[in-house]
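Q: I have a structure here, written as structure tokens, and I will follow up with some questions on it.
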Amino acid sequence: MKAFLVSDNHDSLVGMRLAGIEGVEVHDAEEADRAVREAMDMEELGILMITEKVASLIPEVVLDMREHGGLPLLVEIPDRHGTQRGPDFLTRYVREAIGVKIE
């Protein structure tokens with residue numbers, strides 16, 4: 001199973017390449033959409049990583065992938081500047097997904 005990164009910045013791409021993970025750098029929504037769709041066509045792709053900024057450029061694609069599940073697993077990662085998510089993002093995600101409030 002392979003992993004692939006779609007990044008909005010060069011530093012994240014280089015860091016993942018040092019770890020043996022290939023990827024592409026994109027700068028707008030059109031490039032991001034194209035890169036994700038091309039990655040989805042890769043054989044043996046098990047994990048598709050995208051930076052949070054890329055995810056914000058293509059929210060419909062991200063939502064569609066999450067709703068349909070299956071492979072590849074979509075993982076949003078922060079870039080070198082840190083996360084854009086709030087401190088309660090995980091509890092909010094669980095609450096929205098299954099309706100359970102975690103204290």
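We name chains A, B, ... following the order of the structure tokens; residues begin at 1 in each chain, and ligands are numbered from 1 as shown.
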From a DSSP pass on the backbone, collect the residues of chain A flagged as strand (DSSP E or B) and hand them back as a list in words.

A: Lys2, Ala3, Phe4, Leu5, Val6, Ser7, Glu22, Gly23, Val24, Glu25, Leu45, Gly46, Ile47, Leu48, Met49, Ile50, Thr51, Leu73, Leu74, Val75, Glu76, Ile77, Asp79 and Gly82 of chain A

Q: Running DSSP on the backbone, which parts of segment 24-62 of chain A land in helix (DSSP H, G or I), as JSON, numbers by chain?

A: {"A": [29, 30, 31, 32, 33, 34, 35, 36, 37, 38, 39, 40, 52, 53, 54, 55, 56, 57, 59, 60, 61, 62]}

Q: How close does each residue of segment 25-54 of chain A get to segment 1-13 of chain A, giving the shortest atom pair and distance in Å to one decimal for every residue with an atom at most 9 Å away, counting only C-alpha atoms, sorted by chain and residue number, as a tab-separated table?

A:
residue	atom	partner	partner_atom	distance
A:Glu25	CA	A:Ser7	CA	4.9
A:Val26	CA	A:Asp8	CA	5.1
A:His27	CA	A:Asp8	CA	5.7
A:Asp28	CA	A:Asp8	CA	8.3
A:Ala32	CA	A:Val6	CA	7.3
A:Ala35	CA	A:Val6	CA	6.9
A:Val36	CA	A:Val6	CA	7.1
A:Ala39	CA	A:Phe4	CA	7.3
A:Glu43	CA	A:Lys2	CA	8.4
A:Glu44	CA	A:Met1	CA	5.0
A:Leu45	CA	A:Lys2	CA	4.7
A:Gly46	CA	A:Met1	CA	5.1
A:Ile47	CA	A:Ala3	CA	4.6
A:Leu48	CA	A:Phe4	CA	5.1
A:Met49	CA	A:Leu5	CA	4.6
A:Ile50	CA	A:Val6	CA	4.8
A:Thr51	CA	A:Ser7	CA	5.3
A:Glu52	CA	A:Ser7	CA	8.6
A:Lys53	CA	A:Asp8	CA	6.7
A:Val54	CA	A:Asp8	CA	6.0

Q: Filtering to C-alpha atoms, could you give me those residues as a tab-separated table (two decimals), in the first residue's frame?

A:
chain	number	residue	atom	x	y	z
A	25	GLU	CA	2.73	20.77	-4.90
A	26	VAL	CA	-0.39	22.72	-5.88
A	27	HIS	CA	-1.27	26.40	-5.63
A	28	ASP	CA	-4.96	26.77	-6.45
A	32	ALA	CA	-5.62	20.65	-6.11
A	35	ALA	CA	-3.97	16.29	-8.26
A	36	VAL	CA	-6.40	14.55	-5.90
A	39	ALA	CA	-3.92	10.34	-7.06
A	43	GLU	CA	-2.83	1.63	-8.05
A	44	GLU	CA	-2.18	0.51	-4.48
A	45	LEU	CA	-2.84	3.97	-3.01
A	46	GLY	CA	-3.79	3.41	0.62
A	47	ILE	CA	-3.28	6.83	2.20
A	48	LEU	CA	-3.83	10.18	0.53
A	49	MET	CA	-2.42	13.00	2.64
A	50	ILE	CA	-3.36	16.59	1.94
A	51	THR	CA	-2.35	19.70	3.80
A	52	GLU	CA	-5.11	21.57	5.61
A	53	LYS	CA	-4.81	24.48	3.19
A	54	VAL	CA	-5.33	22.18	0.19

Q: Could you please determine the separation between atom CA of Val62 of chain A and atom CA of Asp33 of chain A in Å, to one decimal place?

A: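 Distance reported for this atom pair: 9.7 Å.
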